[in-house]
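Heads up, run.cif below (mmCIF, C-alpha atoms):
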data_target
#
loop_
_atom_site.group_PDB
_atom_site.id
_atom_site.type_symbol
_atom_site.label_atom_id
_atom_site.label_comp_id
_atom_site.auth_asym_id
_atom_site.auth_seq_id
_atom_site.Cartn_x
_atom_site.Cartn_y
_atom_site.Cartn_z
ATOM 1 C CA MET I 1354 48.016 99.287 98.139
ATOM 2 C CA THR I 1355 49.174 95.687 97.839
ATOM 3 C CA ALA I 1356 48.828 95.838 94.050
ATOM 4 C CA GLN I 1357 51.037 98.948 93.953
ATOM 5 C CA LEU I 1358 53.713 97.177 96.002
ATOM 6 C CA LEU I 1359 53.615 94.164 93.694
ATOM 7 C CA VAL I 1360 53.995 96.343 90.622
ATOM 8 C CA LYS I 1361 56.957 98.181 92.165
ATOM 9 C CA ASN I 1362 58.509 94.873 93.214
ATOM 10 C CA GLU I 1363 58.084 93.466 89.685
ATOM 11 C CA GLN I 1364 59.662 96.601 88.204
ATOM 12 C CA TYR I 1365 62.616 96.201 90.557
ATOM 13 C CA TRP I 1366 63.233 92.609 89.498
ATOM 14 C CA LEU I 1367 62.746 93.381 85.805
ATOM 15 C CA GLN I 1368 65.515 95.982 85.777
ATOM 16 C CA GLN I 1369 68.696 94.912 84.047
ATOM 17 C CA PRO I 1370 71.706 94.584 86.335
ATOM 18 C CA ARG I 1371 74.069 97.545 86.349
ATOM 19 C CA ARG I 1372 76.977 97.133 83.961
ATOM 20 C CA ILE I 1373 80.549 97.648 85.140
ATOM 21 C CA LEU I 1374 83.578 97.738 82.850
ATOM 22 C CA LEU I 1375 86.691 96.446 84.599
ATOM 23 C CA VAL I 1376 90.082 97.310 83.081
ATOM 24 C CA GLU I 1377 92.767 95.367 84.950
ATOM 25 C CA ASP I 1378 95.872 93.710 83.485
ATOM 26 C CA HIS I 1379 96.650 91.363 86.382
ATOM 27 C CA GLN I 1380 94.691 88.161 85.729
ATOM 28 C CA ILE I 1381 94.122 87.182 89.376
ATOM 29 C CA ASN I 1382 92.973 90.684 90.343
ATOM 30 C CA ARG I 1383 90.702 90.805 87.305
ATOM 31 C CA MET I 1384 89.195 87.412 88.145
ATOM 32 C CA LEU I 1385 88.744 88.263 91.839
ATOM 33 C CA LEU I 1386 87.045 91.596 91.149
ATOM 34 C CA SER I 1387 84.918 90.185 88.355
ATOM 35 C CA ASP I 1388 83.736 87.218 90.435
ATOM 36 C CA TYR I 1389 83.003 89.384 93.468
ATOM 37 C CA LEU I 1390 81.066 91.990 91.506
ATOM 38 C CA ASN I 1391 79.135 89.281 89.648
ATOM 39 C CA TYR I 1392 78.252 87.823 93.040
ATOM 40 C CA CYS I 1393 77.024 91.289 94.084
ATOM 41 C CA GLY I 1394 74.627 91.248 91.128
ATOM 42 C CA TYR I 1395 76.473 93.381 88.590
ATOM 43 C CA HIS I 1396 77.080 92.502 84.948
ATOM 44 C CA ILE I 1397 80.844 92.700 84.377
ATOM 45 C CA LYS I 1398 82.864 93.065 81.205
ATOM 46 C CA SER I 1399 86.601 92.905 81.769
ATOM 47 C CA LEU I 1400 89.579 93.967 79.705
ATOM 48 C CA SER I 1401 93.231 93.111 80.304
ATOM 49 C CA GLY I 1402 94.447 96.287 78.616
ATOM 50 C CA GLY I 1403 93.338 99.621 77.303
ATOM 51 C CA ILE I 1404 93.544 99.094 73.560
ATOM 52 C CA ASP I 1405 89.831 98.185 73.271
ATOM 53 C CA PHE I 1406 88.698 100.622 75.974
ATOM 54 C CA PHE I 1407 86.617 103.008 73.856
ATOM 55 C CA SER I 1408 85.163 100.379 71.525
ATOM 56 C CA THR I 1409 84.087 98.339 74.564
ATOM 57 C CA ILE I 1410 82.449 101.390 76.122
ATOM 58 C CA GLU I 1411 80.482 101.872 72.919
ATOM 59 C CA SER I 1412 79.318 98.253 72.719
ATOM 60 C CA PHE I 1413 78.891 97.474 76.433
ATOM 61 C CA ASP I 1414 77.572 100.891 77.579
ATOM 62 C CA PRO I 1415 78.770 100.587 81.188
ATOM 63 C CA HIS I 1416 77.172 102.380 84.116
ATOM 64 C CA LEU I 1417 80.551 102.545 85.922
ATOM 65 C CA ILE I 1418 84.195 101.858 85.074
ATOM 66 C CA LEU I 1419 86.948 100.408 87.265
ATOM 67 C CA LEU I 1420 90.294 101.394 85.753
ATOM 68 C CA ASP I 1421 93.817 100.320 86.637
ATOM 69 C CA LEU I 1422 96.432 102.979 85.913
ATOM 70 C CA LYS I 1423 99.323 100.661 85.017
ATOM 71 C CA LEU I 1424 98.341 98.764 81.899
ATOM 72 C CA PRO I 1425 100.698 96.914 79.538
ATOM 73 C CA ASP I 1426 99.617 98.697 76.366
ATOM 74 C CA LEU I 1427 98.329 102.142 77.370
ATOM 75 C CA ASP I 1428 98.720 104.524 80.273
ATOM 76 C CA GLY I 1429 95.633 104.613 82.514
ATOM 77 C CA TYR I 1430 96.049 108.341 83.084
ATOM 78 C CA SER I 1431 95.884 108.939 79.312
ATOM 79 C CA LEU I 1432 92.735 106.823 79.038
ATOM 80 C CA LEU I 1433 91.149 108.693 81.922
ATOM 81 C CA GLU I 1434 92.017 112.084 80.451
ATOM 82 C CA GLU I 1435 90.735 111.204 76.968
ATOM 83 C CA PHE I 1436 87.590 109.635 78.442
ATOM 84 C CA LYS I 1437 86.723 112.716 80.483
ATOM 85 C CA GLN I 1438 87.160 114.987 77.459
ATOM 86 C CA LYS I 1439 84.247 113.272 75.708
ATOM 87 C CA ASP I 1440 80.921 114.810 76.725
ATOM 88 C CA LYS I 1441 78.957 111.687 75.848
ATOM 89 C CA TYR I 1442 80.710 109.816 78.681
ATOM 90 C CA ALA I 1443 80.165 112.494 81.329
ATOM 91 C CA ARG I 1444 77.505 110.442 83.130
ATOM 92 C CA ILE I 1445 79.796 107.420 83.680
ATOM 93 C CA PRO I 1446 81.788 107.467 86.935
ATOM 94 C CA ILE I 1447 85.322 106.069 86.867
ATOM 95 C CA PHE I 1448 86.863 104.465 89.932
ATOM 96 C CA ILE I 1449 90.620 104.038 89.836
ATOM 97 C CA VAL I 1450 91.923 100.725 91.169
ATOM 98 C CA SER I 1451 95.693 100.953 91.370
ATOM 99 C CA ALA I 1452 98.823 99.799 93.155
ATOM 100 C CA LEU I 1453 100.093 103.392 92.936
ATOM 101 C CA ALA I 1454 99.770 104.422 96.558
ATOM 102 C CA PHE I 1455 101.335 107.881 96.524
ATOM 103 C CA LYS I 1456 99.092 110.843 97.275
ATOM 104 C CA THR I 1457 100.326 112.559 94.110
ATOM 105 C CA ASP I 1458 99.003 109.640 92.010
ATOM 106 C CA GLU I 1459 95.580 109.937 93.621
ATOM 107 C CA GLU I 1460 95.542 113.732 93.227
ATOM 108 C CA ARG I 1461 96.485 113.461 89.556
ATOM 109 C CA ALA I 1462 93.734 110.905 88.881
ATOM 110 C CA MET I 1463 91.133 112.979 90.717
ATOM 111 C CA LYS I 1464 92.140 116.130 88.793
ATOM 112 C CA LEU I 1465 91.719 114.197 85.551
ATOM 113 C CA GLY I 1466 88.156 113.302 86.535
ATOM 114 C CA ALA I 1467 88.193 110.071 88.535
ATOM 115 C CA SER I 1468 85.275 109.727 90.939
ATOM 116 C CA ARG I 1469 87.088 107.546 93.486
ATOM 117 C CA TYR I 1470 90.572 106.152 94.026
ATOM 118 C CA PHE I 1471 91.259 102.729 95.564
ATOM 119 C CA VAL I 1472 94.722 101.413 96.372
ATOM 120 C CA LYS I 1473 95.412 97.690 95.988
ATOM 121 C CA PRO I 1474 94.869 95.457 97.811
ATOM 122 C CA ILE I 1475 91.280 96.641 97.683
ATOM 123 C CA ASN I 1476 88.857 96.329 100.555
ATOM 124 C CA LEU I 1477 85.972 94.722 98.662
ATOM 125 C CA ILE I 1478 83.356 95.912 101.135
ATOM 126 C CA ASN I 1479 84.482 99.536 100.728
ATOM 127 C CA LEU I 1480 84.482 99.128 96.950
ATOM 128 C CA SER I 1481 80.990 97.632 96.998
ATOM 129 C CA LEU I 1482 79.685 100.448 99.190
ATOM 130 C CA ALA I 1483 81.239 103.076 96.914
ATOM 131 C CA ILE I 1484 79.657 101.469 93.855
ATOM 132 C CA LYS I 1485 76.239 101.390 95.524
ATOM 133 C CA GLU I 1486 76.691 105.032 96.552
ATOM 134 C CA ALA I 1487 77.609 106.033 92.990
ATOM 135 C CA PHE I 1488 74.554 104.259 91.591
ATOM 136 C CA THR I 1489 72.302 105.801 94.237
ATOM 137 C CA SER I 1490 73.582 109.320 93.587
ATOM 138 C CA CYS I 1491 73.152 109.028 89.834
ATOM 139 C CA SER I 1492 70.132 106.704 89.703
ATOM 140 C CA SER I 1493 68.393 108.503 86.856
ATOM 141 C CA LEU I 1494 71.550 109.443 84.964
ATOM 142 C CA CYS I 1495 73.335 106.087 84.990
ATOM 143 C CA ILE I 1496 70.520 103.988 83.570
#
Could you take the file, read its structure, and then write that structure out as structure tokens?
Amino acid sequence: MTAQLLVKNEQYWLQQPRRILLVEDHQINRMLLSDYLNYCGYHIKSLSGGIDFFSTIESFDPHLILLDLKLPDLDGYSLLEEFKQKDKYARIPIFIVSALAFKTDEERAMKLGASRYFVKPINLINLSLAIKEAFTSCSSLCI
């Protein structure tokens, strides 16, 4: 019994940290979220715009994406819509992190395929809990 527990414990520690792609144009927000999520044990890759969004997904292979809707180079809604049209990305949840606080903005994002919608300023505890919930609910699919 003890040997089984040790093997399971070793397997737990040998797992690679979950990868999160953060797309946020505001430098302070990007740094805050990246530092916090790194502290929580996630491996973070961050982008300041959407131009490299799909190439970064291909190279980084994230388990979850945090996407701002207002980016300097591309519209976050367009990225979300194009992303959700690609079957190979179906397993990756997208959480919207936006200053757009109107209900219509949230409804539009959810209709386009977002998993969750967070309005800035973000409650980091709620975000962390939602990320853990997403990884728990898709534990075999998101690895």
Note to self: For range 1481-1491 of chain I, find every residue with an atom within 12 Å (counting all atoms listed in the file), except residues of its own chain fewer than 5 positions away, and show them as a ChimeraX atom specification.
What the structure shows: /I:1370-1373,1386,1389-1395,1415-1419,1443-1449,1468-1471,1475-1476,1496
Next item on the list: Carefully work through the PyMOL selection byres ((chain I and resi 1458) around 12) for this structure and note down the residues it includes, as a list of chain:residue names.
Entry: I:Asp1421, I:Leu1422, I:Lys1423, I:Gly1429, I:Tyr1430, I:Ile1449, I:Val1450, I:Ser1451, I:Ala1452, I:Leu1453, I:Ala1454, I:Phe1455, I:Lys1456, I:Thr1457, I:Glu1459, I:Glu1460, I:Arg1461, I:Ala1462, I:Met1463, I:Lys1464, I:Leu1465, I:Ala1467, I:Tyr1470, I:Phe1471, I:Val1472
Check: Which residue gives the smallest distance to Ser1399 in chain I among I:Asp1378, I:Asp1440, I:Asp1428, I:Glu1434, with all atoms listed in the file counted?
Finding: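 Among the listed residues, the smallest separation from Ser1399 in chain I belongs to I:Asp1378.
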Notebook entry, point to check: Of the candidates I:Leu1420, I:Val1376, I:Asn1382, I:Ser1387, which shows the shortest atom-to-atom distance to Ser1401 in chain I, using all atoms listed in the file?
Noted result: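 Ranked by minimum distance to Ser1401 in chain I, first place goes to I:Val1376.
Interatomic distance, CA of Lys1437 in chain I against CA of Lys1398 in chain I: 20.0 Å.
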Check: How many Å separate CA of Phe1407 in chain I from CA of Leu1433 in chain I?
Finding: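 It comes out at 10.9 Å.
Excluding Thr1409 in chain I and any residue on its chain fewer than 4 positions from it, the residues at most 9 Å away by all atoms listed in the file are Leu1374, Lys1398, Leu1400, Asp1405, Phe1413, Asp1414 and Pro1415 of chain I.
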Item checked: Selected residue, from I:Ile1397, I:Ser1408, I:Gly1466, I:His1379, that lies nearest to Leu1424 in chain I when counting all atoms listed in the file ->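 With all atoms listed in the file as the atom set, the closest residue is I:His1379.
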Next item on the list: Please measure the separation of CA of Asp1426 in chain I and CA of Gly1402 in chain I, giving the value in Å to one decimal.
Entry: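 Those two atoms sit 6.1 Å apart.
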Would you compute an axis-aligned box for range 1405-1409 of chain I, covering every atom listed for it in the file with 4 Å of margin on each side, and report centre and edge lengths in Å to one decimal as JSON?
{"center_x": 87.0, "center_y": 100.6, "center_z": 73.7, "size_x": 13.7, "size_y": 12.8, "size_z": 12.4}
